[in-house]
Amino acid sequence: MPEDLTFQILDVSYEVEAGRPVIEIWARDDKGRRIVLLDDSFRPYFYALLEEGQDPSAVSAAVRRLSKPRSPITGVDLVEARYFGRPVKALRVQTVIPETVRDYREEVAKLPGVKEVLEADVRFSIRYLIDKNLYPMRWYRASGERVQRNDFVVDAVYKLSSDLAEEPSLADVDPLEGLRIMAFDIEAYNPQGSPNPSRDPVVVIGMAFNDGEKVQLQAKGHDDKDVLREFVELVRRKDPDIIVGYNQNSFDWPYLLERAKVNGLKLEVGRKRGAEPSPSVFGHISVQGRLNVDLYNFAEEIEEVKVKSLDEVADYLGVMPKDKRVNIEWWKIAEYWDSPERRGLLLAYNVDDVTSTLGLAYQFLPFGAQLSQISGLPLDQVAAASVAFRLEMRFMREARKLGELVPNRKEEEARAFETYTGAIVLEPKPGVHKDVAVLDFASMYPSIMVKYNVGPDTLLKEGERCERENQAPGVGHRFCADRPAFFRRVLERFLKWRAEVKAAMKKYPGGSPQYRLLNERQRAIKVLANASYGYMGWAAARWYCKGCAESVTAWGRELITKAVSIARSLGLQVYYGDTDSLFVANEPEKVSRLIEEITKGLEFDIKVDKVYSRVFFTEAKKRYAGLTADGKIDIVGFEAVRGDWSELAKETQANVAEIVLRTGDVRKAIEYVKAVINDLRSGKANVEKLVIWKTLTKGLDEYEAEAPHVYAARMMEKLGFKVDVGSKIGYVIVKGEGPVSRRARPYFIVKPTEIDYNYYIDKQVVPAALRILELFGVSERELKSGARQASLFDYLGKKGG
DNA sequence: CACTGTGGCCGTGGGG
DNA sequence: CCCCACGGCCAC
């Protein structure tokens with residue numbers, strides 16, 4: 001007897017059973033049960049695009065002849081579709097085993113009459129979601145027949161006996177409500193630098209659940225067998241739907257898996273018997289039936305935090321202030337573990353980490369769930385996927401709805417390195433300026449794409465004609481305006497959708513859960529819409545179109561250039577501008593005229609984004625600091641906002657900017673800098689504030705130049721620490737002879753007395769301060785002179801007479 | 001397997 | 001000494 005089911009899709013996977021693929025929909029139903037719905041009716045397929053004028057039946061017969069018994073070709077159907085907006089004929093080739101699509105595609109591509117093989121690289125479970133128009137984290141209804149299955153660790157398994165229909169009454173319910181969340185964090189023994197999983201045990205595993213329970217497992221000395229066993233047991237008992245961690249895809253899971261192997265155990269933490277976590281797409285690790293979300297992926301998108309360690313990110317988000325938690329030096333975990341007096345600190349540290357991780361989940365998952373509902377990628381994958389992939393997934397769904405075939409991603413070698421001209425940055429007018437308005441074009445690039453109907457499907461080849469055409473200035477590309485471009489349709493849908501969500505938000509009070517839910521939704525839509533221009537210029541994109549991206553920037557340059565002319569013709573002083581922004585004198589009447597002329601004359605939306613009561617520029621572009629009308633200091637581009645300068649230099653520069661902007665008192669700023677220099681000279685500085693952080697962007701042996709952070713990284717490696725591509729290297733400069741890079745040391749091996757304070761004066765604090773003070777005629781000598789304390793030599797000299 | 005684009009600044013090393 | 005490429009990060 002089929003039952004009616006109402007459920008939320010969490011994830012989709014598949015398994016080949018008895019020679020046929022079976023889709024597994026992991027869900028939870030409205031009664032709070034965890035269920036699996038099986039669908040054995042779906043089959044993998046791909047398209048063979050036919051050469052023009054080809055006889056489909058001849059090609060079809062050739063395709064059928066390729067059929068192999070292991071996974072026969074079960075269907076070859078002629079379809080009339082569109083490809084880049086043009087009508088085409090294609091064969092839809094269906095088989096049985098998803099993995100064999102790869103082999104068939106190669107062979108079919110070689111057949112005469114076949115121009116291209118399409119959509120053969122879409123993964124089977126994603127294919128299912130797209131074709132059935134299903135979105136993870138949304139609610140559906142369907143009927144299913146209960147079946148007995150012992151290989152799934154869930155409350156019930158059903159065989160689907162109907163299609164899935166979206167349940168609209170649950171569309172605006174918080175998708176995370178009622179889901180069980182577990183945060184975890186492991187501490188590994190590291191007596192020799194970085195821990196080595198084949199040698200060093202896991203000494204602590206902390207877990208925190210959203211029902212309030214917290215558990216901490218501890219090794220017996222250096223034996224972690226029971227820890228691992230208990231961990232598996234606990235995960236199964238608590239049965240979380242979502243597992244969160246911080247960097248667990250790169251560290252905790254691989255480490256636990258290796259430890260399990262060493263101990264002869266199996267890490268069966270999924271909802272499928274016998275299965276261990278396994279590597280999946282985008283560097284993500286998949287735990288069957290659960291959503292394994294690495295929160296580090298979300299943290300990476302917070303650009304305000306430069307060193308994205310868990311404590312820094314949790315501090316920034318107000319989840320756990322750094323001064324209210326236990327901080328221990330991570331490279332000394334083994335010492336803490338082995339010391340009876342200090343072990344307690346390590347345990348407390350682990351509790352704080354895992355508590356922070358759960359706190360981050362509450363911050364990030366609502367947005368992640370919306371991204372999942374909108375892009376169509378399961379929550380765990382959407383976290384790990386880049387913005388471009390999230391957008392592309394949505395494009396693939398839109399393409400299907402419009403009967404468009406999805407283009408292939410270009411092969412690596414075919415991707416030519418093609419650059420094109422970007423935006424205009426105006427020369428700033430150096431000096432301090434009073435009362436400046438900053439105007440901003442609203443979503444300039446997406447607006448251009450919509451207005452001029454830009455896209456690979458509308459880009460006209462030489463000789464092609466359309467009744468209405470838009471020609472990009474300077475670069476010559478023409479776009480057909482007779483039919484709506486694919487990008488335009490998608491973007492307009494995004495814009496309309498976002499407007500609806502924003503309108504709905506108004507119905508709820510600001511802090512309410514509904515308001516926050518909708519706010520996350522409109523943010524997710526905006527993020528996707530804003531990525532569309534960059535996506536077109538990305539050589540690996542399925543809808544890559546260099547001419548399109550080139551045209552968008554050309555129209556952008558024209559737009560800002562025209563806006564500048566209008567401003568000048570109105571007698572408005574223009575101070576600066578970058579891409580889509582314009583800094584002009586804040587004369588309200590003229591500014592309103594400017595906005596009106598741009599809006600009506602150029603047909604683009606522009607608005608006053610902010611007003612600075614004072615703002616200053618040096619001669620450098622992309623750098624300025626301002627005091628807003630409501631009393632806030634903005635620092636843009638300068639060292640103070642960069643992650644690769646010492647905290648001390650950044651702090652000094654920020655304070656100088658603030659003194660100058662608020663009081664206009666340059667003398668005061670000079671005195672302040674002198675005091676900082678004095679402190680440094682007397683060795684009073686906090687060593688932590690002298691650390692310089694830089695990312696290793698390639699392997700250590702690939703560097704041509706010996707930069708300081710590369711030298712420090714090599715040193716770390718010799719000391720037994722793992723340094724991978726992407727690691728942030730923190731170093732300080734010590735006294736001694738030779739080039740700076742030879743004097744760079746990993747910050748955690750340096751004693752305060754070894755530090756070269758002169759380096760920090762000459763190359764950090766003074767240049768950062770001067771960047772601003774030079775504008776007021778202050779010299780390096782002036783900053784350093786008065787600050788010079790009697791040196792030991794002077795002192796002795798005087799004394800000795 | 002990948003992991004959006006161009007414009008811009010500036011410290012540093014290394015060659016002449 | 002100058003000059004320029006390398007390298008990293010930031011603005012938009």
# chains A, B, ... in the order shown; residues from 1 in each chain; ligands from 1
$ residues_around --residues "segment 715-728 of chain A" --least-positions-apart "5" --cutoff "8 Å" --atoms "only C-alpha atoms (C1' of nucleotides)" --output "list in words"
Gln192, Gly193, Ser194, Val307, Trp693, Lys694, Thr695, Leu696, Thr697, Lys698, Gly699, Arg745 and Pro746 of chain A
$ write_last_selection --atoms "N, CA and C atoms" --output "mmCIF file, in the first residue's frame"
data_model
loop_
_atom_site.group_PDB
_atom_site.id
_atom_site.type_symbol
_atom_site.label_atom_id
_atom_site.label_comp_id
_atom_site.auth_asym_id
_atom_site.auth_seq_id
_atom_site.Cartn_x
_atom_site.Cartn_y
_atom_site.Cartn_z
ATOM 1 N N GLN A 192 56.332 16.237 16.894
ATOM 2 C CA GLN A 192 57.392 16.556 15.924
ATOM 3 C C GLN A 192 56.890 17.488 14.843
ATOM 4 N N GLY A 193 56.319 18.625 15.237
ATOM 5 C CA GLY A 193 55.797 19.550 14.242
ATOM 6 C C GLY A 193 54.356 19.251 13.945
ATOM 7 N N SER A 194 54.052 19.042 12.661
ATOM 8 C CA SER A 194 52.667 18.705 12.314
ATOM 9 C C SER A 194 52.401 17.244 12.653
ATOM 10 N N VAL A 307 43.510 36.338 8.622
ATOM 11 C CA VAL A 307 43.973 35.002 8.995
ATOM 12 C C VAL A 307 42.756 34.243 9.492
ATOM 13 N N TRP A 693 51.885 37.997 7.887
ATOM 14 C CA TRP A 693 51.274 36.778 7.339
ATOM 15 C C TRP A 693 51.221 36.849 5.822
ATOM 16 N N LYS A 694 51.675 35.800 5.174
ATOM 17 C CA LYS A 694 51.551 35.721 3.707
ATOM 18 C C LYS A 694 51.189 34.298 3.308
ATOM 19 N N THR A 695 50.416 34.195 2.264
ATOM 20 C CA THR A 695 49.975 32.883 1.785
ATOM 21 C C THR A 695 51.019 32.272 0.867
ATOM 22 N N LEU A 696 51.214 30.993 1.019
ATOM 23 C CA LEU A 696 52.035 30.242 0.079
ATOM 24 C C LEU A 696 51.136 29.905 -1.105
ATOM 25 N N THR A 697 51.390 30.515 -2.254
ATOM 26 C CA THR A 697 50.464 30.300 -3.366
ATOM 27 C C THR A 697 50.930 29.187 -4.296
ATOM 28 N N LYS A 698 52.094 28.663 -4.064
ATOM 29 C CA LYS A 698 52.541 27.499 -4.846
ATOM 30 C C LYS A 698 53.472 26.640 -4.017
ATOM 31 N N GLY A 699 53.879 25.529 -4.580
ATOM 32 C CA GLY A 699 54.775 24.625 -3.876
ATOM 33 C C GLY A 699 56.126 25.275 -3.627
ATOM 34 N N ARG A 745 61.736 34.459 10.098
ATOM 35 C CA ARG A 745 61.622 33.236 10.910
ATOM 36 C C ARG A 745 60.156 32.968 11.217
ATOM 37 N N PRO A 746 59.776 31.680 11.268
ATOM 38 C CA PRO A 746 58.411 31.374 11.731
ATOM 39 C C PRO A 746 58.216 32.039 13.093
#
$ interface_residues --of "chain A" --to "chain C" --cutoff "8 Å" --atoms "only C-alpha atoms (C1' of nucleotides)" --output "list in words"
Asp578, Thr579, Asp580, Lys622, Val636, Gly637, Arg642, Gly643, Asp644, Lys694, Thr695, Glu704 and Ala705 of chain A
$ select_by_dssp --residues "segment 316-551 of chain A" --states "helix (DSSP H, G or I)" --output "PyMOL selection string"
chain A and resi 316+322-324+330-338+343-375+379-384+387-401+412-414+444-451+486-505+513-530+532-536+546-551
$ interface_residues --of "chain A" --to "chain B" --cutoff "6 Å" --atoms "only C-alpha atoms (C1' of nucleotides)" --output "PyMOL selection string"
chain A and resi 386+388+422+534-535+537-538
$ write_last_selection --atoms "N, CA and C atoms" --output "PDB file, in the first residue's frame"
ATOM      1  N   SER A 386      32.723  26.680  -5.543  1.00  0.00           N
ATOM      2  CA  SER A 386      32.994  28.100  -5.712  1.00  0.00           C
ATOM      3  C   SER A 386      31.729  28.798  -6.189  1.00  0.00           C
ATOM      4  N   ALA A 388      31.301  30.433  -8.829  1.00  0.00           N
ATOM      5  CA  ALA A 388      31.078  30.176 -10.243  1.00  0.00           C
ATOM      6  C   ALA A 388      30.338  28.852 -10.463  1.00  0.00           C
ATOM      7  N   GLY A 422      39.673  45.736 -18.890  1.00  0.00           N
ATOM      8  CA  GLY A 422      38.651  45.828 -17.850  1.00  0.00           C
ATOM      9  C   GLY A 422      38.146  47.244 -17.652  1.00  0.00           C
ATOM     10  N   GLY A 534      31.787  37.894 -14.117  1.00  0.00           N
ATOM     11  CA  GLY A 534      33.063  37.202 -13.939  1.00  0.00           C
ATOM     12  C   GLY A 534      33.004  35.799 -14.508  1.00  0.00           C
ATOM     13  N   TYR A 535      31.838  35.193 -14.374  1.00  0.00           N
ATOM     14  CA  TYR A 535      31.638  33.839 -14.894  1.00  0.00           C
ATOM     15  C   TYR A 535      31.862  33.783 -16.402  1.00  0.00           C
ATOM     16  N   GLY A 537      33.725  35.546 -18.199  1.00  0.00           N
ATOM     17  CA  GLY A 537      35.126  35.734 -18.558  1.00  0.00           C
ATOM     18  C   GLY A 537      36.028  34.633 -18.029  1.00  0.00           C
ATOM     19  N   TRP A 538      35.419  33.654 -17.379  1.00  0.00           N
ATOM     20  CA  TRP A 538      36.176  32.543 -16.800  1.00  0.00           C
ATOM     21  C   TRP A 538      36.358  31.455 -17.872  1.00  0.00           C
TER      22      TRP A 538
END
$ atom_distance --atom1 "atom CA of Lys429 of chain A" --atom2 "atom CA of Arg593 of chain A"
22.8 Å
$ select_by_dssp --residues "segment 89-315 of chain A" --states "strand (DSSP E)" --output "PyMOL selection string"
chain A and resi 89-94+114-118+139-147+156-160+165-166+181-188+202-209+214-218+242-245+278-279+285-286+291-294
$ write_last_selection --atoms "C-alpha atoms" --output "compact mmCIF listing (two decimals), in the first residue's frame"
# COMPACT_ATOMS: atom_id res chain seq x y z
CA LYS A 89 18.93 18.30 -33.78
CA ALA A 90 20.48 15.88 -31.36
CA LEU A 91 20.26 12.25 -30.37
CA ARG A 92 19.47 11.49 -26.77
CA VAL A 93 21.53 8.39 -25.98
CA GLN A 94 20.44 6.44 -22.93
CA VAL A 114 28.28 13.74 -34.69
CA LYS A 115 29.45 17.27 -34.09
CA GLU A 116 29.79 17.17 -30.34
CA VAL A 117 28.73 15.11 -27.35
CA LEU A 118 26.86 17.12 -24.75
CA TRP A 139 9.91 20.28 0.90
CA TYR A 140 8.08 17.86 -1.40
CA ARG A 141 5.17 15.46 -1.47
CA ALA A 142 5.14 12.00 -3.02
CA SER A 143 3.79 8.55 -2.40
CA GLY A 144 5.93 5.56 -1.70
CA GLU A 145 5.75 1.94 -0.77
CA ARG A 146 7.59 0.88 2.36
CA VAL A 147 10.35 -1.65 1.81
CA ALA A 156 12.10 3.94 7.03
CA VAL A 157 12.89 3.20 3.41
CA TYR A 158 10.35 3.68 0.62
CA LYS A 159 10.21 2.83 -3.01
CA LEU A 160 8.87 5.87 -4.84
CA ALA A 165 5.61 17.72 -6.12
CA GLU A 166 6.86 20.76 -4.28
CA ILE A 181 23.41 19.28 13.99
CA MET A 182 26.70 18.01 15.33
CA ALA A 183 29.94 19.99 15.51
CA PHE A 184 33.20 18.16 16.05
CA ASP A 185 36.86 18.93 16.37
CA ILE A 186 39.84 16.65 16.94
CA GLU A 187 43.17 17.31 18.61
CA ALA A 188 46.06 15.27 17.25
CA VAL A 202 44.10 11.50 18.07
CA VAL A 203 44.15 12.51 21.72
CA VAL A 204 40.89 14.43 22.04
CA ILE A 205 37.64 14.56 20.10
CA GLY A 206 35.13 17.20 21.09
CA MET A 207 31.53 17.15 19.97
CA ALA A 208 28.74 19.67 20.47
CA PHE A 209 25.14 19.12 19.42
CA LYS A 214 28.54 18.29 24.66
CA VAL A 215 30.85 15.28 24.72
CA GLN A 216 34.58 15.02 24.93
CA LEU A 217 36.48 11.80 24.26
CA GLN A 218 40.03 11.33 25.45
CA ILE A 242 24.32 17.83 9.51
CA ILE A 243 27.91 17.41 10.64
CA VAL A 244 29.91 20.59 10.82
CA GLY A 245 33.56 21.15 11.44
CA SER A 278 34.84 9.32 1.08
CA PRO A 279 36.33 12.05 -1.09
CA ILE A 285 34.20 14.65 1.85
CA SER A 286 30.91 12.88 1.67
CA LEU A 291 25.40 16.62 5.22
CA ASN A 292 29.06 17.10 6.05
CA VAL A 293 29.57 20.86 5.92
CA ASP A 294 33.02 22.38 6.27
$ residues_around --residues "Glu671 of chain A" --least-positions-apart "3" --cutoff "12 Å" --atoms "only C-alpha atoms (C1' of nucleotides)" --output "MDAnalysis selection string"
chainID A and resid 652 655:656 659 665:668 674:678 769 773 778 782:787
$ atom_distance --atom1 "atom CA of Glu17 of chain A" --atom2 "atom CA of Arg127 of chain A"
18.5 Å
$ atom_distance --atom1 "atom CA of Asp151 of chain A" --atom2 "atom CA of Gly270 of chain A"
11.0 Å
$ residues_around --residues "segment 371-382 of chain A" --least-positions-apart "4" --cutoff "7 Å" --atoms "only C-alpha atoms (C1' of nucleotides)" --output "PDB file with all heavy atoms, in the first residue's frame"
ATOM      1  N   LEU A  10      17.300  16.181   1.738  1.00  0.00           N
ATOM      2  CA  LEU A  10      18.580  16.601   2.310  1.00  0.00           C
ATOM      3  C   LEU A  10      19.719  16.353   1.324  1.00  0.00           C
ATOM      4  O   LEU A  10      20.577  17.195   1.127  1.00  0.00           O
ATOM      5  CB  LEU A  10      18.843  15.851   3.622  1.00  0.00           C
ATOM      6  CG  LEU A  10      17.783  16.069   4.717  1.00  0.00           C
ATOM      7  CD1 LEU A  10      18.114  15.244   5.947  1.00  0.00           C
ATOM      8  CD2 LEU A  10      17.663  17.542   5.083  1.00  0.00           C
ATOM      9  N   ASP A  11      19.702  15.186   0.701  1.00  0.00           N
ATOM     10  CA  ASP A  11      20.808  14.835  -0.187  1.00  0.00           C
ATOM     11  C   ASP A  11      20.330  13.759  -1.159  1.00  0.00           C
ATOM     12  O   ASP A  11      19.303  13.118  -0.917  1.00  0.00           O
ATOM     13  CB  ASP A  11      21.980  14.295   0.644  1.00  0.00           C
ATOM     14  CG  ASP A  11      23.311  14.386  -0.098  1.00  0.00           C
ATOM     15  OD1 ASP A  11      23.340  14.891  -1.237  1.00  0.00           O
ATOM     16  OD2 ASP A  11      24.328  13.944   0.464  1.00  0.00           O
ATOM     17  N   TYR A 135      15.070  20.637  -5.619  1.00  0.00           N
ATOM     18  CA  TYR A 135      16.059  21.465  -4.937  1.00  0.00           C
ATOM     19  C   TYR A 135      16.256  20.954  -3.513  1.00  0.00           C
ATOM     20  O   TYR A 135      15.296  20.869  -2.755  1.00  0.00           O
ATOM     21  CB  TYR A 135      15.608  22.924  -4.904  1.00  0.00           C
ATOM     22  CG  TYR A 135      15.672  23.602  -6.245  1.00  0.00           C
ATOM     23  CD1 TYR A 135      14.665  23.432  -7.192  1.00  0.00           C
ATOM     24  CD2 TYR A 135      16.761  24.407  -6.577  1.00  0.00           C
ATOM     25  CE1 TYR A 135      14.734  24.053  -8.430  1.00  0.00           C
ATOM     26  CE2 TYR A 135      16.836  25.033  -7.809  1.00  0.00           C
ATOM     27  CZ  TYR A 135      15.827  24.849  -8.734  1.00  0.00           C
ATOM     28  OH  TYR A 135      15.904  25.457  -9.955  1.00  0.00           O
ATOM     29  N   PRO A 136      17.494  20.620  -3.142  1.00  0.00           N
ATOM     30  CA  PRO A 136      17.749  20.196  -1.765  1.00  0.00           C
ATOM     31  C   PRO A 136      17.334  21.289  -0.781  1.00  0.00           C
ATOM     32  O   PRO A 136      17.372  22.467  -1.112  1.00  0.00           O
ATOM     33  CB  PRO A 136      19.275  20.018  -1.726  1.00  0.00           C
ATOM     34  CG  PRO A 136      19.667  19.782  -3.137  1.00  0.00           C
ATOM     35  CD  PRO A 136      18.711  20.559  -3.977  1.00  0.00           C
ATOM     36  N   MET A 137      16.945  20.861   0.390  1.00  0.00           N
ATOM     37  CA  MET A 137      16.465  21.706   1.486  1.00  0.00           C
ATOM     38  C   MET A 137      15.026  22.198   1.283  1.00  0.00           C
ATOM     39  O   MET A 137      14.454  22.817   2.152  1.00  0.00           O
ATOM     40  CB  MET A 137      17.375  22.924   1.761  1.00  0.00           C
ATOM     41  CG  MET A 137      18.833  22.620   2.076  1.00  0.00           C
ATOM     42  SD  MET A 137      19.091  21.326   3.298  1.00  0.00           S
ATOM     43  CE  MET A 137      18.774  22.208   4.801  1.00  0.00           C
ATOM     44  N   ARG A 138      14.440  21.919   0.126  1.00  0.00           N
ATOM     45  CA  ARG A 138      13.029  22.269  -0.046  1.00  0.00           C
ATOM     46  C   ARG A 138      12.150  21.064   0.304  1.00  0.00           C
ATOM     47  O   ARG A 138      12.621  19.936   0.356  1.00  0.00           O
ATOM     48  CB  ARG A 138      12.749  22.693  -1.493  1.00  0.00           C
ATOM     49  CG  ARG A 138      13.472  23.974  -1.898  1.00  0.00           C
ATOM     50  CD  ARG A 138      12.876  24.517  -3.180  1.00  0.00           C
ATOM     51  NE  ARG A 138      13.747  25.519  -3.789  1.00  0.00           N
ATOM     52  CZ  ARG A 138      13.492  26.156  -4.921  1.00  0.00           C
ATOM     53  NH1 ARG A 138      12.381  25.877  -5.595  1.00  0.00           N
ATOM     54  NH2 ARG A 138      14.319  27.041  -5.394  1.00  0.00           N
ATOM     55  N   HIS A 284      35.530  18.044  -1.295  1.00  0.00           N
ATOM     56  CA  HIS A 284      34.588  17.821  -0.217  1.00  0.00           C
ATOM     57  C   HIS A 284      34.590  16.342   0.153  1.00  0.00           C
ATOM     58  O   HIS A 284      34.885  15.490  -0.671  1.00  0.00           O
ATOM     59  CB  HIS A 284      33.207  18.272  -0.701  1.00  0.00           C
ATOM     60  CG  HIS A 284      32.072  17.715   0.076  1.00  0.00           C
ATOM     61  ND1 HIS A 284      31.232  16.767  -0.433  1.00  0.00           N
ATOM     62  CD2 HIS A 284      31.645  17.984   1.314  1.00  0.00           C
ATOM     63  CE1 HIS A 284      30.325  16.474   0.480  1.00  0.00           C
ATOM     64  NE2 HIS A 284      30.550  17.208   1.547  1.00  0.00           N
ATOM     65  N   LEU A 291      24.797  15.500   5.917  1.00  0.00           N
ATOM     66  CA  LEU A 291      25.400  16.621   5.219  1.00  0.00           C
ATOM     67  C   LEU A 291      26.651  17.042   5.986  1.00  0.00           C
ATOM     68  O   LEU A 291      26.558  17.578   7.089  1.00  0.00           O
ATOM     69  CB  LEU A 291      24.397  17.771   5.117  1.00  0.00           C
ATOM     70  CG  LEU A 291      23.150  17.411   4.300  1.00  0.00           C
ATOM     71  CD1 LEU A 291      22.031  18.397   4.527  1.00  0.00           C
ATOM     72  CD2 LEU A 291      23.501  17.314   2.816  1.00  0.00           C
ATOM     73  N   ASN A 292      27.792  16.760   5.409  1.00  0.00           N
ATOM     74  CA  ASN A 292      29.059  17.098   6.051  1.00  0.00           C
ATOM     75  C   ASN A 292      29.502  18.466   5.549  1.00  0.00           C
ATOM     76  O   ASN A 292      29.955  18.609   4.418  1.00  0.00           O
ATOM     77  CB  ASN A 292      30.099  16.028   5.707  1.00  0.00           C
ATOM     78  CG  ASN A 292      31.486  16.426   6.159  1.00  0.00           C
ATOM     79  OD1 ASN A 292      31.684  16.843   7.293  1.00  0.00           O
ATOM     80  ND2 ASN A 292      32.444  16.340   5.246  1.00  0.00           N
ATOM     81  N   VAL A 293      29.325  19.487   6.362  1.00  0.00           N
ATOM     82  CA  VAL A 293      29.572  20.864   5.920  1.00  0.00           C
ATOM     83  C   VAL A 293      30.830  21.401   6.590  1.00  0.00           C
ATOM     84  O   VAL A 293      30.911  21.469   7.819  1.00  0.00           O
ATOM     85  CB  VAL A 293      28.371  21.765   6.265  1.00  0.00           C
ATOM     86  CG1 VAL A 293      28.641  23.201   5.824  1.00  0.00           C
ATOM     87  CG2 VAL A 293      27.108  21.237   5.605  1.00  0.00           C
ATOM     88  N   PHE A 367      22.390  30.816   5.563  1.00  0.00           N
ATOM     89  CA  PHE A 367      22.760  31.282   4.231  1.00  0.00           C
ATOM     90  C   PHE A 367      23.044  30.092   3.315  1.00  0.00           C
ATOM     91  O   PHE A 367      22.580  30.045   2.175  1.00  0.00           O
ATOM     92  CB  PHE A 367      23.985  32.188   4.328  1.00  0.00           C
ATOM     93  CG  PHE A 367      24.490  32.690   3.001  1.00  0.00           C
ATOM     94  CD1 PHE A 367      23.729  33.539   2.222  1.00  0.00           C
ATOM     95  CD2 PHE A 367      25.744  32.299   2.530  1.00  0.00           C
ATOM     96  CE1 PHE A 367      24.193  34.005   0.997  1.00  0.00           C
ATOM     97  CE2 PHE A 367      26.215  32.760   1.310  1.00  0.00           C
ATOM     98  CZ  PHE A 367      25.440  33.613   0.544  1.00  0.00           C
ATOM     99  N   ARG A 390      28.334  27.364  -8.258  1.00  0.00           N
ATOM    100  CA  ARG A 390      26.971  27.520  -7.762  1.00  0.00           C
ATOM    101  C   ARG A 390      26.111  28.155  -8.846  1.00  0.00           C
ATOM    102  O   ARG A 390      24.987  27.729  -9.106  1.00  0.00           O
ATOM    103  CB  ARG A 390      26.959  28.415  -6.524  1.00  0.00           C
ATOM    104  CG  ARG A 390      27.671  27.822  -5.335  1.00  0.00           C
ATOM    105  CD  ARG A 390      27.838  28.879  -4.263  1.00  0.00           C
ATOM    106  NE  ARG A 390      28.648  28.391  -3.157  1.00  0.00           N
ATOM    107  CZ  ARG A 390      29.183  29.173  -2.218  1.00  0.00           C
ATOM    108  NH1 ARG A 390      28.993  30.485  -2.254  1.00  0.00           N
ATOM    109  NH2 ARG A 390      29.898  28.664  -1.246  1.00  0.00           N
ATOM    110  N   LEU A 391      26.678  29.168  -9.465  1.00  0.00           N
ATOM    111  CA  LEU A 391      25.939  29.866 -10.518  1.00  0.00           C
ATOM    112  C   LEU A 391      25.719  28.947 -11.709  1.00  0.00           C
ATOM    113  O   LEU A 391      24.626  28.894 -12.274  1.00  0.00           O
ATOM    114  CB  LEU A 391      26.734  31.101 -10.946  1.00  0.00           C
ATOM    115  CG  LEU A 391      26.114  31.969 -12.032  1.00  0.00           C
ATOM    116  CD1 LEU A 391      24.830  32.616 -11.542  1.00  0.00           C
ATOM    117  CD2 LEU A 391      27.094  33.050 -12.483  1.00  0.00           C
ATOM    118  N   MET A 393      25.490  25.776 -11.777  1.00  0.00           N
ATOM    119  CA  MET A 393      24.467  24.762 -11.481  1.00  0.00           C
ATOM    120  C   MET A 393      23.085  25.342 -11.749  1.00  0.00           C
ATOM    121  O   MET A 393      22.217  24.689 -12.320  1.00  0.00           O
ATOM    122  CB  MET A 393      24.635  24.345 -10.015  1.00  0.00           C
ATOM    123  CG  MET A 393      23.903  23.108  -9.595  1.00  0.00           C
ATOM    124  SD  MET A 393      24.067  21.716 -10.723  1.00  0.00           S
ATOM    125  CE  MET A 393      25.846  21.536 -10.761  1.00  0.00           C
ATOM    126  N   ARG A 394      22.898  26.572 -11.343  1.00  0.00           N
ATOM    127  CA  ARG A 394      21.615  27.235 -11.578  1.00  0.00           C
ATOM    128  C   ARG A 394      21.395  27.433 -13.089  1.00  0.00           C
ATOM    129  O   ARG A 394      20.306  27.223 -13.607  1.00  0.00           O
ATOM    130  CB  ARG A 394      21.600  28.576 -10.848  1.00  0.00           C
ATOM    131  CG  ARG A 394      20.314  29.354 -11.005  1.00  0.00           C
ATOM    132  CD  ARG A 394      19.228  28.760 -10.150  1.00  0.00           C
ATOM    133  NE  ARG A 394      17.906  29.129 -10.645  1.00  0.00           N
ATOM    134  CZ  ARG A 394      16.789  28.989  -9.947  1.00  0.00           C
ATOM    135  NH1 ARG A 394      16.818  28.473  -8.743  1.00  0.00           N
ATOM    136  NH2 ARG A 394      15.644  29.344 -10.453  1.00  0.00           N
ATOM    137  N   ALA A 524      21.620  35.463  -1.041  1.00  0.00           N
ATOM    138  CA  ALA A 524      22.091  34.353  -1.867  1.00  0.00           C
ATOM    139  C   ALA A 524      21.817  34.641  -3.349  1.00  0.00           C
ATOM    140  O   ALA A 524      22.648  34.367  -4.209  1.00  0.00           O
ATOM    141  CB  ALA A 524      21.428  33.054  -1.431  1.00  0.00           C
TER     142      ALA A 524
END
$ residues_around --residues "Arg498 of chain A" --least-positions-apart "3" --cutoff "12 Å" --atoms "only C-alpha atoms (C1' of nucleotides)" --output "MDAnalysis selection string"
chainID A and resid 374 491:495 501:505 518:529
